[in-house]
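Student: I'd like to ask some things about the structure below.
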Amino acid sequence: MISRTDIDQAARRTAGLIRRTPVMEADLGLSDGRVWFKCEFMQHTGTFKARGALNRILAAKERGELRGGVGVVVASGGNAGLANAYAAKQLGVPAAVFVPEAAPAVKVAKLKAIGATVVQGGAEYAAAYQAAVAHAEETGAVYCHAYDQPEIVAGAGTVGSELLEQLPDVDTVLVAVGGGGLMAGVAAAVEGAAKVVAVEPETAPTLHVALASGGPVDVAVSGVAADSLGARRIGEIGFSVAVRCGVESVLVSDADIIAVRSALWNDYRIVVEHGAAAAYAALTSGAYVPGTNERVAVILCGANTDPATL
């Protein structure tokens, strides 16, 4: 289970290695209440995942588990791979990244540019995951899960602790969910101070279905955000923290996601990927309606996308 203590430890461990990303107020013309964007898309490698990757690999190094000639391995649709490849490079060790065939070309190109060994195969994340686990067992590489390891989640949680320092009076945090690592970290970080609303595409409702079913179950995954929110099952950590913290789950359509991604560009000149836009879509679509004078923060968690599709 992840606690604020774990997140504070991650913040100390990664201090000086991650960016303190800014917040900016949205100009929505609301008569009451206020909305801010937490601009985590400005993090190293373009997503929040650099936080968890650095925390995981540094912790493994502290325990003597990290072998210089073998390094780390991760299965990822792109963003976790980028983050772990970046973190490994900072620490001078190799990284092997297993990605599904559907991984966006822009992300694969970035992985190779960082210096990672990229192995592409399988239609979904699950196939890449199985191959990465086998690689770790065969080589002794440190396995870095994309979202369901304590150190990965604690690192992601530093987004939430940082947000509380910037907006101590925030009432609600909207966060997109795929495997649930960011949601779990943020929920643990703001527990007792703010509520968390998890936002998922209708075409990839891992947490929504798990809450209705009483536990993680496999779901069919498709849609515009599947490259970053494409986990077939919510992580065990994500589910347990969501239940503990009373995280609310809402769904948004692909059309809502596409529209709000364009709006972020047109209104603010913010470029995000579809998965990151999902969190804001909860507000613009009415999937989540703030109460009177409610202060809402929206985590814009990633920007690894093709600007031409805007």
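Here, A, B, ... name the chains of the structure tokens in the order displayed, residue numbers run from 1 inside each chain, and ligands are numbered from 1 in the same displayed order.
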Taking 6 positions as the minimum chain separation for residues in the same chain, which residues sit within 8 Å of region 189-206 of chain A when counting only C-alpha atoms? Answer as an NGL selection string.
Tutor: :A and (3-4 or 7 or 157-158 or 160-161 or 164 or 170-179 or 183 or 216-223 or 225-226 or 229-234 or 245-254 or 278-279 or 282)
Student: Kindly provide the residues of region 41-154 of chain A that approach region 11-22 of chain A to within 8 Å, each paired with its closest atom pair and their distance in Å to one decimal, based on only C-alpha atoms, listed by chain and increasing number, as CSV.
Tutor:
```
residue,atom,partner,partner_atom,distance
A:Met42,CA,A:Thr21,CA,6.4
A:Gln43,CA,A:Arg19,CA,5.8
A:His44,CA,A:Ile18,CA,7.0
A:Ala50,CA,A:Ile18,CA,7.4
A:Arg51,CA,A:Ile18,CA,6.4
A:Leu54,CA,A:Thr14,CA,6.5
A:Asn55,CA,A:Thr14,CA,6.1
A:Leu58,CA,A:Arg13,CA,7.4
```
Student: Would you put the residues from that selection into a file with N, CA, C and O atoms, as a compact mmCIF listing (two decimals), in the first residue's frame?
Tutor:
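Generated output (result31.txt):
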```txt
# COMPACT_ATOMS: atom_id res chain seq x y z
N MET A 42 5.16 19.02 -19.21
CA MET A 42 6.45 19.68 -19.34
C MET A 42 7.56 18.91 -18.62
O MET A 42 8.71 19.36 -18.59
N GLN A 43 7.23 17.75 -18.05
CA GLN A 43 8.21 16.92 -17.36
C GLN A 43 9.20 16.33 -18.35
O GLN A 43 8.94 16.27 -19.55
N HIS A 44 10.35 15.87 -17.85
CA HIS A 44 11.32 15.17 -18.70
C HIS A 44 10.60 14.05 -19.47
O HIS A 44 9.78 13.33 -18.91
N ALA A 50 8.50 10.00 -15.82
CA ALA A 50 9.90 10.13 -15.45
C ALA A 50 10.07 10.10 -13.93
O ALA A 50 11.10 9.65 -13.42
N ARG A 51 9.08 10.57 -13.20
CA ARG A 51 9.16 10.60 -11.74
C ARG A 51 9.25 9.18 -11.16
O ARG A 51 10.11 8.88 -10.33
N LEU A 54 12.59 7.23 -12.32
CA LEU A 54 13.79 7.62 -11.56
C LEU A 54 13.73 7.06 -10.14
O LEU A 54 14.74 6.57 -9.61
N ASN A 55 12.56 7.12 -9.52
CA ASN A 55 12.45 6.60 -8.16
C ASN A 55 12.71 5.10 -8.11
O ASN A 55 13.43 4.60 -7.23
N LEU A 58 16.56 4.37 -8.98
CA LEU A 58 17.44 4.82 -7.90
C LEU A 58 17.30 3.94 -6.66
O LEU A 58 18.29 3.62 -5.98
```
Student: May I ask which of the residues A:Val99, A:Ile2, A:Ala60, A:Val159 is the closest one to Gly121 (chain A), counting only C-alpha atoms?
Tutor: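 Of A:Val99, A:Ile2, A:Ala60, A:Val159, the one nearest Gly121 (chain A), counting only C-alpha atoms, is A:Val99.
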Student: Between A:Ala75, A:Gly286, A:Gly155, A:Asp27, which has the minimum distance to Gln9 (chain A) (counting only C-alpha atoms)?
Tutor: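 Using only C-alpha atoms, the shortest distance to Gln9 (chain A) belongs to A:Gly155.
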Student: Please identify the helix (DSSP H, G or I) residues within region 107-238 of chain A (assignment by DSSP from backbone atoms) and present them as number ranges by chain.
Tutor: A: 107-114, 125-139, 150-166, 181-190, 206-213, 236-238
Student: Would you mind exporting the chosen residues as a PDB file, in the first residue's frame, restricted to C-alpha atoms?
Tutor:
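Below you can see selection-v5.pdb, which holds the result:
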```pdb
ATOM      1  CA  LYS A 107       7.386   7.462 -29.394  1.00  0.00           C
ATOM      2  CA  VAL A 108       9.400   4.603 -30.896  1.00  0.00           C
ATOM      3  CA  ALA A 109      11.673   7.116 -32.632  1.00  0.00           C
ATOM      4  CA  LYS A 110      12.223   8.956 -29.355  1.00  0.00           C
ATOM      5  CA  LEU A 111      13.080   5.701 -27.568  1.00  0.00           C
ATOM      6  CA  LYS A 112      15.759   4.906 -30.101  1.00  0.00           C
ATOM      7  CA  ALA A 113      17.077   8.473 -29.978  1.00  0.00           C
ATOM      8  CA  ILE A 114      17.556   8.196 -26.212  1.00  0.00           C
ATOM      9  CA  TYR A 125       0.439  -4.079 -24.024  1.00  0.00           C
ATOM     10  CA  ALA A 126      -0.126  -7.525 -22.466  1.00  0.00           C
ATOM     11  CA  ALA A 127       2.112  -9.205 -25.045  1.00  0.00           C
ATOM     12  CA  ALA A 128       4.891  -6.688 -24.496  1.00  0.00           C
ATOM     13  CA  TYR A 129       4.569  -7.194 -20.748  1.00  0.00           C
ATOM     14  CA  GLN A 130       5.024 -10.963 -20.982  1.00  0.00           C
ATOM     15  CA  ALA A 131       8.097 -10.562 -23.170  1.00  0.00           C
ATOM     16  CA  ALA A 132       9.636  -7.978 -20.842  1.00  0.00           C
ATOM     17  CA  VAL A 133       9.133 -10.158 -17.756  1.00  0.00           C
ATOM     18  CA  ALA A 134      10.823 -13.060 -19.554  1.00  0.00           C
ATOM     19  CA  HIS A 135      13.738 -10.789 -20.464  1.00  0.00           C
ATOM     20  CA  ALA A 136      14.135  -9.718 -16.830  1.00  0.00           C
ATOM     21  CA  GLU A 137      14.153 -13.334 -15.655  1.00  0.00           C
ATOM     22  CA  GLU A 138      16.717 -14.340 -18.268  1.00  0.00           C
ATOM     23  CA  THR A 139      19.122 -11.428 -17.857  1.00  0.00           C
ATOM     24  CA  PRO A 150       5.215   0.642  -5.268  1.00  0.00           C
ATOM     25  CA  GLU A 151       8.217   2.752  -6.240  1.00  0.00           C
ATOM     26  CA  ILE A 152       6.711   3.624  -9.613  1.00  0.00           C
ATOM     27  CA  VAL A 153       3.463   4.727  -7.959  1.00  0.00           C
ATOM     28  CA  ALA A 154       5.234   6.628  -5.176  1.00  0.00           C
ATOM     29  CA  GLY A 155       7.294   8.511  -7.739  1.00  0.00           C
ATOM     30  CA  ALA A 156       4.161   9.405  -9.692  1.00  0.00           C
ATOM     31  CA  GLY A 157       2.628  10.567  -6.431  1.00  0.00           C
ATOM     32  CA  THR A 158       5.108  13.425  -6.230  1.00  0.00           C
ATOM     33  CA  VAL A 159       2.880  15.142  -8.803  1.00  0.00           C
ATOM     34  CA  GLY A 160       0.207  15.262  -6.114  1.00  0.00           C
ATOM     35  CA  SER A 161       2.430  16.390  -3.240  1.00  0.00           C
ATOM     36  CA  GLU A 162       3.901  19.084  -5.468  1.00  0.00           C
ATOM     37  CA  LEU A 163       0.408  20.198  -6.477  1.00  0.00           C
ATOM     38  CA  LEU A 164      -0.612  20.591  -2.830  1.00  0.00           C
ATOM     39  CA  GLU A 165       2.369  22.864  -2.259  1.00  0.00           C
ATOM     40  CA  GLN A 166       1.317  24.982  -5.224  1.00  0.00           C
ATOM     41  CA  GLY A 181      -0.280   4.434 -11.304  1.00  0.00           C
ATOM     42  CA  LEU A 182      -0.695   8.199 -11.509  1.00  0.00           C
ATOM     43  CA  MET A 183      -4.174   8.112 -10.017  1.00  0.00           C
ATOM     44  CA  ALA A 184      -2.997   5.986  -7.094  1.00  0.00           C
ATOM     45  CA  GLY A 185       0.042   8.140  -6.417  1.00  0.00           C
ATOM     46  CA  VAL A 186      -1.934  11.368  -6.547  1.00  0.00           C
ATOM     47  CA  ALA A 187      -4.760   9.966  -4.411  1.00  0.00           C
ATOM     48  CA  ALA A 188      -2.282   8.846  -1.743  1.00  0.00           C
ATOM     49  CA  ALA A 189      -0.507  12.207  -1.879  1.00  0.00           C
ATOM     50  CA  VAL A 190      -3.647  14.310  -1.394  1.00  0.00           C
ATOM     51  CA  THR A 206     -10.319  -0.334 -16.404  1.00  0.00           C
ATOM     52  CA  LEU A 207     -10.999   1.330 -13.049  1.00  0.00           C
ATOM     53  CA  HIS A 208     -14.686   1.940 -13.705  1.00  0.00           C
ATOM     54  CA  VAL A 209     -15.325  -1.740 -14.388  1.00  0.00           C
ATOM     55  CA  ALA A 210     -13.109  -2.850 -11.493  1.00  0.00           C
ATOM     56  CA  LEU A 211     -15.042  -0.700  -9.008  1.00  0.00           C
ATOM     57  CA  ALA A 212     -18.308  -2.142 -10.289  1.00  0.00           C
ATOM     58  CA  SER A 213     -16.932  -5.702 -10.184  1.00  0.00           C
ATOM     59  CA  GLU A 236      -3.626  -3.921  -7.962  1.00  0.00           C
ATOM     60  CA  ILE A 237      -2.078  -0.856  -6.329  1.00  0.00           C
ATOM     61  CA  GLY A 238      -4.309   1.488  -8.290  1.00  0.00           C
TER      62      GLY A 238
END
```
Student: Please compute the CA of Ala277 (chain A)-CA of Pro100 (chain A) distance, one decimal, in Å.
Tutor: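 Calculated distance between CA of Ala277 (chain A) and CA of Pro100 (chain A) is 22.2 Å.
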Student: State, in Å with one decimal place, the distance from CA of Ala95 (chain A) to CA of Gly46 (chain A).
Tutor: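 Atom-to-atom, CA of Ala95 (chain A) to CA of Gly46 (chain A), that is 18.1 Å.
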Student: Taking the DSSP secondary structure from the backbone, can you list the residues of region 141-271 of chain A that are strand (DSSP E), as a PyMOL selection string?
Tutor: chain A and resi 142-143+172-176+195-201+248-252
Student: Next, dump the selected residues to file, keeping only all heavy atoms, as a short mmCIF file (atom, residue, chain, number, x, y, z; two decimals), in the first residue's frame.
Tutor:
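The new file result35.cif reads:
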```cif
data_model
loop_
_atom_site.label_atom_id
_atom_site.label_comp_id
_atom_site.auth_asym_id
_atom_site.auth_seq_id
_atom_site.Cartn_x
_atom_site.Cartn_y
_atom_site.Cartn_z
N VAL A 142 16.71 -5.08 -14.02
CA VAL A 142 15.71 -4.57 -13.09
C VAL A 142 14.42 -4.31 -13.87
O VAL A 142 14.42 -3.52 -14.82
CB VAL A 142 16.19 -3.27 -12.42
CG1 VAL A 142 15.06 -2.63 -11.61
CG2 VAL A 142 17.38 -3.56 -11.51
N TYR A 143 13.35 -4.98 -13.49
CA TYR A 143 12.09 -4.79 -14.19
C TYR A 143 11.36 -3.58 -13.64
O TYR A 143 11.15 -3.46 -12.43
CB TYR A 143 11.19 -6.02 -14.09
CG TYR A 143 9.91 -5.81 -14.84
CD1 TYR A 143 9.93 -5.71 -16.22
CD2 TYR A 143 8.70 -5.63 -14.18
CE1 TYR A 143 8.76 -5.46 -16.93
CE2 TYR A 143 7.54 -5.39 -14.88
CZ TYR A 143 7.58 -5.30 -16.26
OH TYR A 143 6.43 -5.03 -16.96
N THR A 172 -10.45 19.40 -5.52
CA THR A 172 -10.62 18.22 -6.36
C THR A 172 -9.51 18.16 -7.40
O THR A 172 -9.14 19.19 -7.97
CB THR A 172 -11.99 18.27 -7.08
OG1 THR A 172 -13.02 18.38 -6.11
CG2 THR A 172 -12.21 17.02 -7.92
N VAL A 173 -9.02 16.95 -7.65
CA VAL A 173 -8.00 16.74 -8.66
C VAL A 173 -8.56 15.76 -9.69
O VAL A 173 -8.98 14.65 -9.34
CB VAL A 173 -6.69 16.18 -8.06
CG1 VAL A 173 -5.62 16.07 -9.14
CG2 VAL A 173 -6.20 17.06 -6.92
N LEU A 174 -8.56 16.16 -10.96
CA LEU A 174 -8.98 15.28 -12.04
C LEU A 174 -7.75 14.67 -12.69
O LEU A 174 -6.82 15.39 -13.07
CB LEU A 174 -9.77 16.05 -13.10
CG LEU A 174 -11.05 16.76 -12.65
CD1 LEU A 174 -11.74 17.40 -13.85
CD2 LEU A 174 -11.98 15.81 -11.95
N VAL A 175 -7.75 13.36 -12.83
CA VAL A 175 -6.57 12.67 -13.38
C VAL A 175 -7.01 11.53 -14.28
O VAL A 175 -7.95 10.79 -13.95
CB VAL A 175 -5.66 12.15 -12.23
CG1 VAL A 175 -6.42 11.26 -11.28
CG2 VAL A 175 -4.44 11.45 -12.77
N ALA A 176 -6.37 11.42 -15.44
CA ALA A 176 -6.68 10.33 -16.37
C ALA A 176 -6.15 9.01 -15.83
O ALA A 176 -5.13 8.97 -15.13
CB ALA A 176 -6.06 10.62 -17.74
N LYS A 195 -10.15 15.54 -2.88
CA LYS A 195 -10.65 14.30 -3.48
C LYS A 195 -10.09 14.16 -4.88
O LYS A 195 -9.69 15.14 -5.52
CB LYS A 195 -12.18 14.28 -3.51
CG LYS A 195 -12.83 15.21 -4.53
CD LYS A 195 -14.34 14.99 -4.55
CE LYS A 195 -15.01 15.90 -5.58
NZ LYS A 195 -16.47 15.70 -5.64
N VAL A 196 -10.07 12.92 -5.36
CA VAL A 196 -9.56 12.63 -6.69
C VAL A 196 -10.70 12.05 -7.53
O VAL A 196 -11.42 11.16 -7.08
CB VAL A 196 -8.38 11.65 -6.64
CG1 VAL A 196 -8.01 11.14 -8.03
CG2 VAL A 196 -7.16 12.33 -5.99
N VAL A 197 -10.83 12.56 -8.74
CA VAL A 197 -11.78 12.02 -9.71
C VAL A 197 -10.98 11.38 -10.84
O VAL A 197 -10.16 12.05 -11.49
CB VAL A 197 -12.71 13.11 -10.27
CG1 VAL A 197 -13.62 12.53 -11.35
CG2 VAL A 197 -13.54 13.72 -9.15
N ALA A 198 -11.17 10.11 -11.04
CA ALA A 198 -10.48 9.36 -12.09
C ALA A 198 -11.29 9.45 -13.38
O ALA A 198 -12.49 9.21 -13.38
CB ALA A 198 -10.33 7.90 -11.67
N VAL A 199 -10.62 9.80 -14.46
CA VAL A 199 -11.29 9.97 -15.75
C VAL A 199 -10.75 8.94 -16.73
O VAL A 199 -9.54 8.84 -16.93
CB VAL A 199 -11.07 11.39 -16.31
CG1 VAL A 199 -11.92 11.59 -17.56
CG2 VAL A 199 -11.39 12.44 -15.26
N GLU A 200 -11.67 8.20 -17.36
CA GLU A 200 -11.27 7.15 -18.31
C GLU A 200 -12.08 7.28 -19.59
O GLU A 200 -13.23 7.70 -19.57
CB GLU A 200 -11.53 5.77 -17.72
CG GLU A 200 -10.77 5.48 -16.45
CD GLU A 200 -11.18 4.15 -15.87
OE1 GLU A 200 -12.20 4.10 -15.14
OE2 GLU A 200 -10.50 3.15 -16.16
N PRO A 201 -11.48 6.86 -20.71
CA PRO A 201 -12.26 6.77 -21.94
C PRO A 201 -13.33 5.68 -21.80
O PRO A 201 -13.11 4.67 -21.13
CB PRO A 201 -11.22 6.38 -23.00
CG PRO A 201 -9.89 6.70 -22.40
CD PRO A 201 -10.07 6.51 -20.93
N GLU A 248 -13.54 8.72 -7.14
CA GLU A 248 -14.72 8.67 -8.01
C GLU A 248 -14.27 8.42 -9.44
O GLU A 248 -13.26 8.95 -9.89
CB GLU A 248 -15.47 10.00 -7.92
CG GLU A 248 -16.70 10.09 -8.78
CD GLU A 248 -17.39 11.44 -8.68
OE1 GLU A 248 -17.10 12.18 -7.71
OE2 GLU A 248 -18.21 11.76 -9.56
N SER A 249 -15.03 7.61 -10.19
CA SER A 249 -14.69 7.30 -11.57
C SER A 249 -15.75 7.83 -12.52
O SER A 249 -16.95 7.62 -12.31
CB SER A 249 -14.55 5.78 -11.76
OG SER A 249 -14.41 5.45 -13.12
N VAL A 250 -15.30 8.55 -13.57
CA VAL A 250 -16.21 9.02 -14.61
C VAL A 250 -15.64 8.63 -15.97
O VAL A 250 -14.44 8.43 -16.12
CB VAL A 250 -16.45 10.54 -14.54
CG1 VAL A 250 -17.04 10.93 -13.20
CG2 VAL A 250 -15.15 11.31 -14.80
N LEU A 251 -16.53 8.56 -16.96
CA LEU A 251 -16.14 8.16 -18.31
C LEU A 251 -16.38 9.30 -19.30
O LEU A 251 -17.33 10.06 -19.16
CB LEU A 251 -16.92 6.93 -18.76
CG LEU A 251 -16.79 5.68 -17.89
CD1 LEU A 251 -17.67 4.56 -18.46
CD2 LEU A 251 -15.35 5.23 -17.79
N VAL A 252 -15.51 9.37 -20.31
CA VAL A 252 -15.67 10.36 -21.38
C VAL A 252 -15.55 9.66 -22.73
O VAL A 252 -14.91 8.62 -22.85
CB VAL A 252 -14.61 11.49 -21.27
CG1 VAL A 252 -14.84 12.32 -20.02
CG2 VAL A 252 -13.20 10.92 -21.27
#
```
Student: Name the closest residue to Lys89 (chain A) among the candidates A:Thr292, A:Ser76, A:Ser240, A:Thr117; distances are taken between atoms, counting only C-alpha atoms.
Tutor: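 Among A:Thr292, A:Ser76, A:Ser240, A:Thr117, it is A:Thr117 that comes nearest to Lys89 (chain A).
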Student: Expressed in Å to a single decimal, how great is the separation between CA of Ile270 (chain A) and CA of Asn293 (chain A)?
Tutor: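 Taking CA of Ile270 (chain A) as the start and CA of Asn293 (chain A) as the end point, the length is 25.6 Å.
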Student: Kindly indicate which residue among A:Leu310, A:Tyr280, A:Gly64, A:Gly235 lies nearest to Val298 (chain A), using only C-alpha atoms for the distances.
Tutor: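 When distances to Val298 (chain A) are compared using only C-alpha atoms, the smallest one comes from A:Tyr280.
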